[in-house]
Each structure stands twice: as C-alpha cells, then as structure tokens.
>>> print(open('my_file.cif').read())   # mmCIF, C-alpha atoms
data_final
loop_
_atom_site.label_atom_id
_atom_site.label_comp_id
_atom_site.auth_asym_id
_atom_site.auth_seq_id
_atom_site.Cartn_x
_atom_site.Cartn_y
_atom_site.Cartn_z
CA MET Q 1 0.00 0.00 0.00
CA GLY Q 2 2.90 2.36 0.57
CA ASN Q 3 3.28 5.07 3.17
CA TYR Q 4 1.86 8.50 2.49
CA THR Q 5 1.84 11.75 4.42
CA TYR Q 6 -1.05 14.24 4.34
CA THR Q 7 -0.66 17.97 4.97
CA LEU Q 8 -3.14 20.83 5.19
CA HIS Q 9 -2.55 24.27 3.72
CA ASN Q 10 -4.11 27.65 3.07
CA PRO Q 11 -3.33 28.30 -0.63
CA ALA Q 12 -3.19 32.01 0.15
CA ASP Q 13 0.07 31.27 1.96
CA PHE Q 14 1.65 29.28 -0.87
CA THR Q 15 5.07 30.37 -2.05
CA ASP Q 16 5.93 30.22 -5.74
CA ASP Q 17 7.63 26.87 -5.04
CA ASP Q 18 4.48 25.54 -3.34
CA ILE Q 19 2.44 26.54 -6.39
CA ALA Q 20 4.99 24.92 -8.69
CA VAL Q 21 4.69 21.60 -6.84
CA GLY Q 22 0.91 21.66 -7.14
CA LEU Q 23 1.15 22.61 -10.79
CA THR Q 24 3.30 19.55 -11.52
CA LEU Q 25 0.51 17.37 -10.15
CA GLY Q 26 -2.18 19.32 -11.99
CA ASN Q 27 -0.35 19.18 -15.29
CA ALA Q 28 0.17 15.43 -14.94
CA ILE Q 29 -3.58 14.91 -14.42
CA GLN Q 30 -4.29 17.27 -17.33
CA LEU Q 31 -1.91 15.35 -19.59
CA GLU Q 32 -3.84 12.18 -18.81
CA ALA Q 33 -7.25 13.75 -19.41
CA VAL Q 34 -6.46 16.23 -22.20
CA PRO Q 35 -3.21 15.24 -23.94
CA GLU Q 36 -4.16 17.56 -26.80
CA ASP Q 37 -3.59 20.66 -24.66
CA PRO Q 38 -0.31 22.24 -23.52
CA PRO Q 39 0.61 22.26 -19.80
CA THR Q 40 -0.28 25.31 -17.74
CA PRO Q 41 2.76 27.62 -17.35
CA LEU Q 42 4.00 28.34 -13.84
CA GLU Q 43 3.65 32.09 -14.21
CA GLN Q 44 -0.02 31.64 -15.10
CA ALA Q 45 -0.66 29.43 -12.09
CA ILE Q 46 1.08 31.91 -9.78
CA ALA Q 47 -0.90 34.83 -11.17
CA SER Q 48 -4.17 32.95 -10.80
CA ASN Q 49 -3.49 32.04 -7.16
CA ARG Q 50 -2.44 35.57 -6.25
CA ALA Q 51 -5.62 37.03 -7.79
CA VAL Q 52 -8.04 35.05 -5.60
CA PRO Q 53 -9.95 37.44 -3.29
CA ALA Q 54 -8.57 37.52 0.25
CA ARG Q 55 -11.97 36.81 1.76
CA MET Q 56 -12.07 33.31 0.21
CA ARG Q 57 -11.70 30.60 2.84
CA ARG Q 58 -9.50 28.01 1.15
CA THR Q 59 -8.10 24.72 2.40
CA ARG Q 60 -5.89 22.37 0.38
CA VAL Q 61 -4.96 18.85 1.47
CA ARG Q 62 -1.88 17.34 -0.13
CA ALA Q 63 -0.79 13.69 -0.24
CA TRP Q 64 2.95 12.98 -0.37
CA ALA Q 65 4.83 9.80 -1.21
CA ASP Q 66 7.90 8.68 0.74
CA ASP Q 67 10.21 10.23 -1.85
CA GLY Q 68 8.62 13.67 -1.40
CA THR Q 69 6.52 13.55 -4.58
CA LEU Q 70 3.12 15.22 -4.40
CA VAL Q 71 0.79 12.44 -5.57
CA GLY Q 72 -2.69 13.69 -4.75
CA SER Q 73 -4.79 16.51 -3.42
CA THR Q 74 -8.24 17.71 -2.50
CA GLY Q 75 -9.60 20.91 -1.04
CA VAL Q 76 -12.34 23.48 -0.82
CA GLY Q 77 -12.92 27.14 -1.42
CA ILE Q 78 -15.70 28.90 0.47
CA ASP Q 79 -16.87 32.42 -0.28
CA PRO Q 80 -18.45 33.48 3.02
CA GLU Q 81 -20.09 36.56 1.51
CA HIS Q 82 -21.56 35.01 -1.64
CA ASP Q 83 -22.83 31.50 -1.01
CA ASP Q 84 -25.94 30.56 -2.98
CA ASN Q 85 -25.88 26.90 -1.91
CA PRO Q 86 -24.70 26.81 1.71
CA ASP Q 87 -25.73 23.15 2.06
CA ILE Q 88 -23.31 21.98 -0.64
CA LEU Q 89 -19.58 21.40 -0.58
CA ALA Q 90 -18.15 21.19 -4.10
CA GLY Q 91 -14.85 19.36 -4.20
CA ALA Q 92 -12.80 16.78 -6.02
CA VAL Q 93 -10.09 14.23 -5.31
CA GLN Q 94 -7.18 13.80 -7.70
CA VAL Q 95 -4.42 11.19 -7.51
CA LEU Q 96 -1.52 10.46 -9.87
CA ALA Q 97 -2.18 7.36 -11.95
CA ALA Q 98 0.83 5.48 -10.56
CA HIS Q 99 -0.45 5.91 -6.99
CA ARG Q 100 -4.09 4.93 -7.47
CA ARG Q 101 -5.53 1.87 -5.73
CA ASN Q 102 -3.17 2.47 -2.80
CA GLY Q 103 -5.80 4.05 -0.58
CA VAL Q 104 -4.70 7.64 -1.32
CA GLY Q 105 -8.00 8.65 -2.90
CA THR Q 106 -10.00 7.17 -0.03
CA GLN Q 107 -7.89 8.99 2.56
CA LEU Q 108 -8.24 12.25 0.65
CA LEU Q 109 -11.99 11.67 0.55
CA ALA Q 110 -11.91 11.37 4.34
CA TYR Q 111 -10.32 14.82 4.46
CA LEU Q 112 -12.95 16.19 2.06
CA VAL Q 113 -15.76 14.79 4.21
CA ALA Q 114 -14.13 16.26 7.31
CA LEU Q 115 -14.00 19.63 5.58
CA ALA Q 116 -17.68 19.31 4.66
CA LYS Q 117 -18.56 18.65 8.29
CA ARG Q 118 -16.36 21.52 9.42
CA GLU Q 119 -18.25 23.84 7.07
CA GLY Q 120 -21.67 22.41 7.99
CA ARG Q 121 -22.35 21.08 4.48
CA PRO Q 122 -24.73 18.08 4.40
CA ARG Q 123 -24.20 17.44 0.67
CA ILE Q 124 -21.00 16.84 -1.31
CA VAL Q 125 -21.01 17.35 -5.07
CA SER Q 126 -18.22 16.44 -7.46
CA GLU Q 127 -17.56 15.66 -11.12
CA THR Q 128 -15.82 12.83 -12.95
CA ASN Q 129 -14.14 13.14 -16.32
CA GLY Q 130 -14.94 10.57 -18.99
CA ARG Q 131 -11.27 10.33 -19.89
CA LEU Q 132 -10.29 9.41 -16.33
CA PRO Q 133 -12.14 6.09 -15.96
CA SER Q 134 -11.12 5.50 -12.35
CA GLY Q 135 -13.40 8.27 -11.11
CA GLU Q 136 -16.77 6.70 -11.88
CA PRO Q 137 -16.25 3.34 -10.10
CA PHE Q 138 -14.85 5.22 -7.09
CA CYS Q 139 -18.04 7.32 -6.87
CA GLU Q 140 -20.22 4.24 -7.37
CA ALA Q 141 -18.36 2.31 -4.69
CA MET Q 142 -19.05 4.95 -2.04
CA GLY Q 143 -22.72 5.16 -3.02
CA ALA Q 144 -22.76 8.56 -4.72
CA GLU Q 145 -25.62 9.23 -7.13
CA LYS Q 146 -25.40 10.53 -10.68
CA LYS Q 147 -27.16 13.89 -10.94
CA GLN Q 148 -26.18 15.48 -14.26
CA TRP Q 149 -24.58 14.50 -17.53
CA THR Q 150 -22.63 17.02 -19.58
CA HIS Q 151 -20.14 17.23 -22.43
CA VAL Q 152 -17.53 19.61 -23.64
CA ASN Q 153 -18.54 19.89 -27.27
CA HIS Q 154 -16.15 21.27 -29.83
CA LEU Q 155 -16.29 22.81 -33.28
CA VAL Q 156 -13.32 22.25 -35.56
CA LEU Q 157 -13.24 25.46 -37.59
CA GLU Q 158 -11.85 23.91 -40.75
CA SER Q 159 -15.13 21.97 -41.00
CA LEU Q 160 -17.32 25.02 -40.30
CA ASP Q 161 -19.96 25.90 -42.90
CA ARG Q 162 -19.06 29.56 -43.15
CA ALA Q 163 -21.88 30.24 -45.61
CA LEU Q 164 -24.37 29.02 -43.00
CA MET Q 165 -22.94 31.43 -40.43
CA GLU Q 166 -23.19 34.29 -42.87
CA LYS Q 167 -26.78 33.27 -43.61
CA TRP Q 168 -27.69 33.32 -39.91
CA VAL Q 169 -26.14 36.75 -39.51
CA ALA Q 170 -27.98 38.09 -42.58
CA GLU Q 171 -31.27 36.63 -41.32
CA GLY Q 172 -30.77 38.03 -37.82
CA PRO Q 173 -32.34 41.48 -38.33
CA VAL Q 174 -35.22 39.86 -40.23
CA ARG Q 175 -36.08 36.96 -37.95
CA ALA Q 176 -35.41 39.13 -34.89
CA GLU Q 177 -36.95 42.35 -36.19
CA GLY Q 178 -36.69 45.07 -33.59
CA TYR Q 179 -33.51 43.66 -32.04
CA GLU Q 180 -29.85 44.57 -32.39
CA ILE Q 181 -26.51 43.10 -31.37
CA PHE Q 182 -23.68 45.01 -29.74
CA GLY Q 183 -20.78 44.12 -27.53
CA TRP Q 184 -17.37 44.92 -26.07
CA ASP Q 185 -13.99 43.36 -25.39
CA GLY Q 186 -12.53 43.04 -21.91
CA PRO Q 187 -14.23 44.02 -18.64
CA VAL Q 188 -17.89 44.99 -18.49
CA PRO Q 189 -18.20 48.75 -19.05
CA GLU Q 190 -19.45 50.45 -15.91
CA GLU Q 191 -22.47 51.91 -17.74
CA HIS Q 192 -23.61 48.37 -18.64
CA MET Q 193 -22.97 46.68 -15.31
CA ALA Q 194 -26.54 46.81 -13.95
CA ASP Q 195 -28.02 45.42 -17.16
CA TYR Q 196 -25.29 42.77 -17.37
CA LEU Q 197 -25.90 41.57 -13.81
CA ASP Q 198 -29.57 41.15 -14.64
CA ALA Q 199 -29.06 39.55 -18.04
CA VAL Q 200 -26.49 36.93 -16.98
CA LEU Q 201 -29.05 35.41 -14.61
CA VAL Q 202 -30.66 33.86 -17.70
CA MET Q 203 -28.14 31.06 -17.16
CA ASN Q 204 -30.30 29.97 -14.22
CA THR Q 205 -32.73 28.63 -16.83
CA ALA Q 206 -30.14 26.11 -18.11
CA PRO Q 207 -31.05 22.47 -17.36
CA ARG Q 208 -29.78 20.97 -14.11
CA ASP Q 209 -31.22 17.48 -14.57
CA ASP Q 210 -31.46 15.82 -11.14
CA LEU Q 211 -29.07 18.22 -9.40
CA ALA Q 212 -30.95 20.36 -6.88
CA LEU Q 213 -29.38 23.82 -6.75
CA ASN Q 214 -30.51 27.28 -5.80
CA ASP Q 215 -30.31 29.92 -8.52
CA PHE Q 216 -26.95 31.64 -8.53
CA THR Q 217 -26.64 35.34 -7.84
CA LEU Q 218 -23.94 37.75 -8.93
CA THR Q 219 -22.69 41.13 -7.75
CA ALA Q 220 -20.60 43.79 -9.44
CA GLU Q 221 -17.84 43.03 -6.96
CA GLN Q 222 -17.77 39.37 -8.03
CA VAL Q 223 -17.70 40.33 -11.71
CA ARG Q 224 -14.75 42.65 -11.16
CA GLU Q 225 -12.93 39.99 -9.13
CA GLY Q 226 -13.45 37.44 -11.89
CA GLU Q 227 -12.21 39.91 -14.47
CA LYS Q 228 -9.14 40.67 -12.37
CA GLN Q 229 -8.26 37.00 -12.19
CA ALA Q 230 -8.86 36.47 -15.92
CA LEU Q 231 -6.73 39.46 -16.85
CA ALA Q 232 -4.00 38.38 -14.43
CA VAL Q 233 -3.50 35.16 -16.41
CA GLY Q 234 -3.77 36.97 -19.74
CA TYR Q 235 -7.23 35.95 -20.92
CA ASP Q 236 -8.83 37.88 -23.79
CA MET Q 237 -12.60 38.25 -23.31
CA TRP Q 238 -15.27 39.12 -25.87
CA GLN Q 239 -18.93 39.79 -25.09
CA LEU Q 240 -22.02 40.10 -27.31
CA ILE Q 241 -25.47 41.30 -26.22
CA ALA Q 242 -28.82 41.03 -28.03
CA ARG Q 243 -30.99 44.03 -27.20
CA ARG Q 244 -34.54 45.10 -28.11
CA THR Q 245 -34.35 48.51 -29.75
CA SER Q 246 -37.77 49.77 -28.67
CA ASP Q 247 -37.02 49.84 -24.96
CA GLY Q 248 -33.36 48.76 -24.68
CA ALA Q 249 -34.28 45.50 -22.92
CA TRP Q 250 -31.42 43.01 -22.93
CA ALA Q 251 -32.60 39.76 -24.50
CA GLY Q 252 -29.54 37.53 -24.74
CA ILE Q 253 -25.84 37.15 -24.00
CA HIS Q 254 -22.91 35.29 -25.51
CA ASP Q 255 -19.25 35.48 -24.48
CA VAL Q 256 -15.98 33.77 -25.32
CA MET Q 257 -12.48 33.71 -23.85
CA PHE Q 258 -9.01 33.06 -25.22
CA ASP Q 259 -6.14 31.67 -23.15
CA PRO Q 260 -2.71 32.88 -24.39
CA ASN Q 261 -1.36 29.46 -23.45
CA GLU Q 262 -3.77 27.84 -25.93
CA PRO Q 263 -3.77 30.11 -28.99
CA GLU Q 264 -5.59 27.50 -31.08
CA VAL Q 265 -8.61 27.28 -28.73
CA CYS Q 266 -11.59 29.56 -28.13
CA TRP Q 267 -13.72 28.84 -25.06
CA VAL Q 268 -17.41 29.73 -24.95
CA GLY Q 269 -18.54 31.02 -21.57
CA ALA Q 270 -22.24 31.83 -21.25
CA THR Q 271 -24.85 31.69 -24.01
CA GLY Q 272 -28.46 32.37 -23.17
CA VAL Q 273 -31.64 34.08 -24.33
CA ARG Q 274 -34.32 35.17 -21.90
CA PRO Q 275 -37.52 33.10 -22.17
CA GLU Q 276 -39.66 36.12 -23.12
CA HIS Q 277 -37.36 36.87 -26.07
CA ARG Q 278 -37.06 33.35 -27.46
CA GLY Q 279 -38.44 32.32 -30.83
CA HIS Q 280 -36.51 34.94 -32.85
CA ALA Q 281 -33.34 32.91 -33.50
CA LEU Q 282 -31.34 35.31 -31.34
CA GLY Q 283 -29.09 32.46 -30.19
CA LYS Q 284 -28.13 31.66 -33.78
CA TRP Q 285 -27.52 35.32 -34.55
CA LEU Q 286 -25.29 35.76 -31.51
CA LYS Q 287 -23.26 32.60 -32.04
CA ALA Q 288 -22.84 33.09 -35.80
CA THR Q 289 -21.72 36.69 -35.30
CA MET Q 290 -19.14 35.67 -32.72
CA THR Q 291 -17.90 32.69 -34.74
CA LEU Q 292 -17.33 34.80 -37.84
CA ARG Q 293 -15.38 37.30 -35.77
CA VAL Q 294 -13.21 34.51 -34.37
CA LEU Q 295 -12.41 33.46 -37.94
CA LYS Q 296 -11.53 37.03 -38.86
CA ASP Q 297 -9.69 38.31 -35.78
CA LYS Q 298 -8.21 35.11 -34.32
CA PRO Q 299 -6.88 33.25 -37.38
CA ASN Q 300 -4.77 30.92 -35.21
CA VAL Q 301 -7.85 29.46 -33.53
CA LYS Q 302 -8.63 25.97 -34.80
CA VAL Q 303 -11.34 24.84 -32.41
CA ILE Q 304 -14.15 26.36 -30.32
CA ARG Q 305 -15.17 24.52 -27.15
CA THR Q 306 -18.32 24.84 -25.10
CA GLY Q 307 -19.80 22.98 -22.14
CA ASN Q 308 -23.42 21.84 -22.32
CA ALA Q 309 -25.77 19.68 -20.32
CA ASP Q 310 -26.73 16.68 -22.44
CA SER Q 311 -30.37 17.61 -21.80
CA ASN Q 312 -30.04 21.17 -23.13
CA ASP Q 313 -31.87 20.41 -26.36
CA ALA Q 314 -32.28 24.03 -27.46
CA MET Q 315 -28.59 24.91 -27.29
CA LEU Q 316 -27.46 21.53 -28.57
CA GLY Q 317 -29.74 21.97 -31.57
CA ILE Q 318 -27.91 25.16 -32.54
CA ASN Q 319 -24.51 23.64 -31.81
CA LYS Q 320 -25.16 20.55 -33.91
CA GLU Q 321 -26.25 22.69 -36.86
CA MET Q 322 -22.97 24.58 -36.52
CA GLY Q 323 -20.98 21.34 -36.52
CA TYR Q 324 -20.16 20.91 -32.83
CA VAL Q 325 -19.55 17.30 -31.79
CA PRO Q 326 -19.08 15.72 -28.33
CA TRP Q 327 -15.48 15.79 -27.13
CA ILE Q 328 -15.20 14.99 -23.42
CA SER Q 329 -17.99 13.74 -21.17
CA SER Q 330 -18.40 14.49 -17.49
CA THR Q 331 -20.80 13.35 -14.80
CA THR Q 332 -21.89 15.24 -11.70
CA TRP Q 333 -22.27 13.13 -8.56
CA GLU Q 334 -23.77 13.78 -5.15
CA ILE Q 335 -23.54 12.03 -1.81
CA ALA Q 336 -24.80 13.00 1.62
CA THR Q 337 -21.92 13.93 3.89
CA ASP Q 338 -23.15 11.52 6.57
CA ALA Q 339 -23.42 8.70 4.01
CA ALA Q 340 -19.84 9.33 2.88
CA GLU Q 341 -18.66 9.28 6.50
CA LYS Q 342 -20.50 5.99 7.05
CA TRP Q 343 -18.88 4.45 3.96
CA LEU Q 344 -15.45 5.54 5.16
CA ALA Q 345 -16.12 3.99 8.55
CA SER Q 346 -16.95 0.71 6.81
CA LYS Q 347 -13.44 0.91 5.36
CA GLY Q 348 -11.96 1.43 8.81
CA LEU Q 349 -11.29 5.15 8.32
CA ASP Q 350 -12.14 7.82 10.87
CA LEU Q 351 -12.41 11.43 9.77
CA PRO Q 352 -9.13 13.31 10.26
CA THR Q 353 -8.88 16.56 12.15
CA VAL Q 354 -9.08 19.60 9.89
#
>>> encode(input="my_file.cif", output="structure tokens")
Amino acid sequence: MGNYTYTLHNPADFTDDDIAVGLTLGNAIQLEAVPEDPPTPLEQAIASNRAVPARMRRTRVRAWADDGTLVGSTGVGIDPEHDDNPDILAGAVQVLAAHRRNGVGTQLLAYLVALAKREGRPRIVSETNGRLPSGEPFCEAMGAEKKQWTHVNHLVLESLDRALMEKWVAEGPVRAEGYEIFGWDGPVPEEHMADYLDAVLVMNTAPRDDLALNDFTLTAEQVREGEKQALAVGYDMWQLIARRTSDGAWAGIHDVMFDPNEPEVCWVGATGVRPEHRGHALGKWLKATMTLRVLKDKPNVKVIRTGNADSNDAMLGINKEMGYVPWISSTTWEIATDAAEKWLASKGLDLPTV
C-alpha cells in the first residue's frame, strides 16, 4: 500500500515553489485527461493564485509519497459573503495514476468529508471526467448518485460551414426584427454593469437534470474579481449582447475567452436568451456573429469549445447545426456527507482533524 503523508494548507500562503509543486501534479492529471492541450505555465498558475480574493476561505490537502513527490490533493474554497448553496460542498479528489488503488483517494476523501462537516455542508457534489475512468467506479463504490450528464462539445473550424454562419447573420435582423446586437472586449463597461448583472441570470434557466441547486446570484464586486483573475492570467474576453431597440431591454448574452497558453482554442462562456425573447433565432444570430469574428480576428484558432448539459436540447440543436460534436464527457455526482462518513467507517477510516 505504501506510506503517504497528508498535509493541510491555506493556498493564500503558498510560495511560488508551493504553487509549482501543485502545478506539476495538476499538469500530470491534465496530460492524462487532455493530452491535446499544452501544460499550464507556472507564471499563469502563480498569477491565478495571487488574484483570488482575500476573503475566500480556502483549504488544500496534499498527499505525499515517501520520496517527497506530491501524488494527490483535495480541497475546498468557500466564499463566506456570496454563497448561494450553503448546504453543498463542491470538491474533487485527484491522484496520480501510478499511486491509485493504494488508498490515497480514499484517505483524501476522508479529508474532504471532514471539511464538509467543518463547514456544515450536508451534501457533497463532485464531477468525474470521462477520460479518467477510475473516477466513476470510485463514486459508485461509495454510493454517490449521478445527478447530471454534460459534455464539452467542440467545433473544428476547418469543418465550419461559413456560408451558414453568414446566412444566420444576414437573417438576424429579419427573424429578430426590432432587435440589435452590440458588444465589447474586456471588462464589463461600468455603464452596462446593472443590465449585465440582470441579463447573466438567464443562465439559471439552463437544465440541471437531477441536481438540486438554488439559482446563482452575482454582484458587481464578483464580476470585477473574476475579471481581475482572468486578466492576471492573460485571458482575452469578448462579449455580445442582443438588445430590443424599442425599450433597450437586454434579451440575450454570448461570451468567449481566449487563453494565451492555448492560442488555437476559443472557449465559450455563457450563451443564453431570456424566455420572453425566445423564438426569434437570437441564439443563432449571436453565435454566428461571434464565430465569424473569431475566424476574422483570431486566425490561429482551430477549435471552439463549449460545455453543455446533455439535456439542453435548445442549445445543442444550434450547436449541432454549426458542426459541434461531443469531445469529453463528465458526470456530476452527489452524496450526503453523513453517508460518505458511514462508507469511510466501513473501510476502517475515521475522519481526520481539519
């Protein structure tokens, strides 16, 4: 089984060397799950960690092998001022492939459950990646339940029907008569913040399948914090808005991001149209407009990626017409904290002190 040591940390106190050690583990897991992508650079990881708001209550548990190699980790991040689901602890356990089936993941789970009890969270929610097949049997073994099924879908731009995109853009003002599209690059302009905060809540209408969640909320402070972190790691952000011209009502949103470490990839963030504005093909107009701009202004981009619930028929219908295909699957799992503790006890594990 091997001997392993477990240590607890506040990531806010990490030195650059501490971050580098964690990044080595993270990049190894990423290489296993997404060998197509380059590793995350150290400077990007350092910038991201330093940009996390000070109020965040973070705990990281690290598992070390006898030779001093970091082989696994888990942890939590709690925002005490903005917590829409105070009954849920979202967390994950990751272990290097060579050290799986040695009890490391189970011990890290014990730490995660202890953290959930410390924070008073009766539910634990996590995700497994379809390219890391060890995750699903681990969740099944402990008795966790599947709650949602999603995919990262991707569009290879060399296969894009550009004429179809141009058709959707040309049809936009006709099918959505009385609407217009505008946008910006970078942070949300201050004059648009109130409308943006209202409009982005349309994402609460996205399917959740069997996962019981409260609607998320968002403040201007959180938006600015997110922008600060994105800019710190060098992300380029583009935003489009569909707006009704008669009264200026915002009808839909669509945004994308570009990571300088992955110049061939464009990531879609949020895409949504308010229910009262649906039926005018605004989603097609927004996505086609953005896609054509990516072709024009980001010629190095080869693929666009977006995450969707498998049950989101409306968005998947648009994506499939555009040529998106499933790329990586993921499953969201849930287990009651007490049930997880009981399962650990059946394995002879008590909860550690956190």
>>> resolve_selection(input="my_file.cif", expression="the PyMOL selection byres ((chain Q and resi 249) around 12)", output="compact mmCIF listing (two decimals) with C-alpha atoms, in the frame of the given file")
# COMPACT_ATOMS: atom_id res chain seq x y z
CA GLY Q 178 -36.69 45.07 -33.59
CA TYR Q 179 -33.51 43.66 -32.04
CA GLU Q 180 -29.85 44.57 -32.39
CA ILE Q 181 -26.51 43.10 -31.37
CA HIS Q 192 -23.61 48.37 -18.64
CA ALA Q 194 -26.54 46.81 -13.95
CA ASP Q 195 -28.02 45.42 -17.16
CA TYR Q 196 -25.29 42.77 -17.37
CA ASP Q 198 -29.57 41.15 -14.64
CA ALA Q 199 -29.06 39.55 -18.04
CA ILE Q 241 -25.47 41.30 -26.22
CA ALA Q 242 -28.82 41.03 -28.03
CA ARG Q 243 -30.99 44.03 -27.20
CA ARG Q 244 -34.54 45.10 -28.11
CA THR Q 245 -34.35 48.51 -29.75
CA SER Q 246 -37.77 49.77 -28.67
CA ASP Q 247 -37.02 49.84 -24.96
CA GLY Q 248 -33.36 48.76 -24.68
CA TRP Q 250 -31.42 43.01 -22.93
CA ALA Q 251 -32.60 39.76 -24.50
CA GLY Q 252 -29.54 37.53 -24.74
CA ILE Q 253 -25.84 37.15 -24.00
CA VAL Q 273 -31.64 34.08 -24.33
CA ARG Q 274 -34.32 35.17 -21.90
CA GLU Q 276 -39.66 36.12 -23.12
CA HIS Q 277 -37.36 36.87 -26.07
>>> atom_distance(input="my_file.cif", atom1="CA of Val52 in chain Q", atom2="CA of Gly26 in chain Q")
18.0 Å
>>> resolve_selection(input="my_file.cif", expression="the PyMOL selection byres ((chain Q and resi 28) around 12)", output="compact mmCIF listing (two decimals) with C-alpha atoms, in the frame of the given file")
# COMPACT_ATOMS: atom_id res chain seq x y z
CA VAL Q 21 4.69 21.60 -6.84
CA GLY Q 22 0.91 21.66 -7.14
CA LEU Q 23 1.15 22.61 -10.79
CA THR Q 24 3.30 19.55 -11.52
CA LEU Q 25 0.51 17.37 -10.15
CA GLY Q 26 -2.18 19.32 -11.99
CA ASN Q 27 -0.35 19.18 -15.29
CA ILE Q 29 -3.58 14.91 -14.42
CA GLN Q 30 -4.29 17.27 -17.33
CA LEU Q 31 -1.91 15.35 -19.59
CA GLU Q 32 -3.84 12.18 -18.81
CA ALA Q 33 -7.25 13.75 -19.41
CA VAL Q 34 -6.46 16.23 -22.20
CA PRO Q 35 -3.21 15.24 -23.94
CA ASP Q 37 -3.59 20.66 -24.66
CA PRO Q 38 -0.31 22.24 -23.52
CA PRO Q 39 0.61 22.26 -19.80
CA THR Q 40 -0.28 25.31 -17.74
CA LEU Q 70 3.12 15.22 -4.40
CA VAL Q 71 0.79 12.44 -5.57
CA GLY Q 72 -2.69 13.69 -4.75
CA GLN Q 94 -7.18 13.80 -7.70
CA VAL Q 95 -4.42 11.19 -7.51
CA LEU Q 96 -1.52 10.46 -9.87
CA ALA Q 97 -2.18 7.36 -11.95
CA ALA Q 98 0.83 5.48 -10.56
>>> residues_around(input="my_file.cif", residues="Leu349 in chain Q", least_positions_apart="3", cutoff="9 Å", atoms="all atoms listed in the file", output="list in words")
Thr106, Gln107, Ala110, Glu341, Trp343, Leu344, Ala345, Ser346 and Pro352 of chain Q
>>> atom_distance(input="my_file.cif", atom1="CA of Ser126 in chain Q", atom2="CA of Ala212 in chain Q")
13.3 Å
>>> atom_distance(input="my_file.cif", atom1="CA of Thr7 in chain Q", atom2="CA of Val61 in chain Q")
5.6 Å
>>> residues_around(input="my_file.cif", residues="Ile304 in chain Q", least_positions_apart="4", cutoff="6 Å", atoms="all atoms listed in the file", output="PyMOL selection string")
chain Q and resi 154-155+265-267
>>> residues_around(input="my_file.cif", residues="Val233 in chain Q", least_positions_apart="5", cutoff="7 Å", atoms="all atoms listed in the file", output="JSON, numbers by chain")
{"Q": [44, 47, 48]}
>>> closest_residue(input="my_file.cif", among="Q:Val325, Q:Leu295, Q:Leu8, Q:Arg57", to="Asp83 in chain Q", atoms="all atoms listed in the file")
Q:Arg57
>>> residues_near_point(input="my_file.cif", point="(-6.2, 37.7, -24.8)", cutoff="8 Å", atoms="all atoms listed in the file", output="list in words")
Gly234, Tyr235, Asp236, Met237, Met257, Phe258, Asp259 and Pro260 of chain Q
>>> resolve_selection(input="my_file.cif", expression="the PyMOL selection byres ((chain Q and resi 316) around 12)", output="VMD selection string")
chain Q and resid 150 to 154 206 to 207 271 283 to 284 306 to 315 317 to 326
>>> closest_residue(input="my_file.cif", among="Q:Asp67, Q:Glu166, Q:Asp209, Q:Glu119", to="Asp79 in chain Q", atoms="all atoms listed in the file")
Q:Glu119
>>> residues_around(input="my_file.cif", residues="Leu157 in chain Q", least_positions_apart="2", cutoff="8 Å", atoms="all atoms listed in the file", output="PyMOL selection string")
chain Q and resi 155+159-160+301-304
>>> closest_residue(input="my_file.cif", among="Q:Ala220, Q:Val294, Q:Met193, Q:Ala170", to="Trp238 in chain Q", atoms="only C-alpha atoms")
Q:Val294
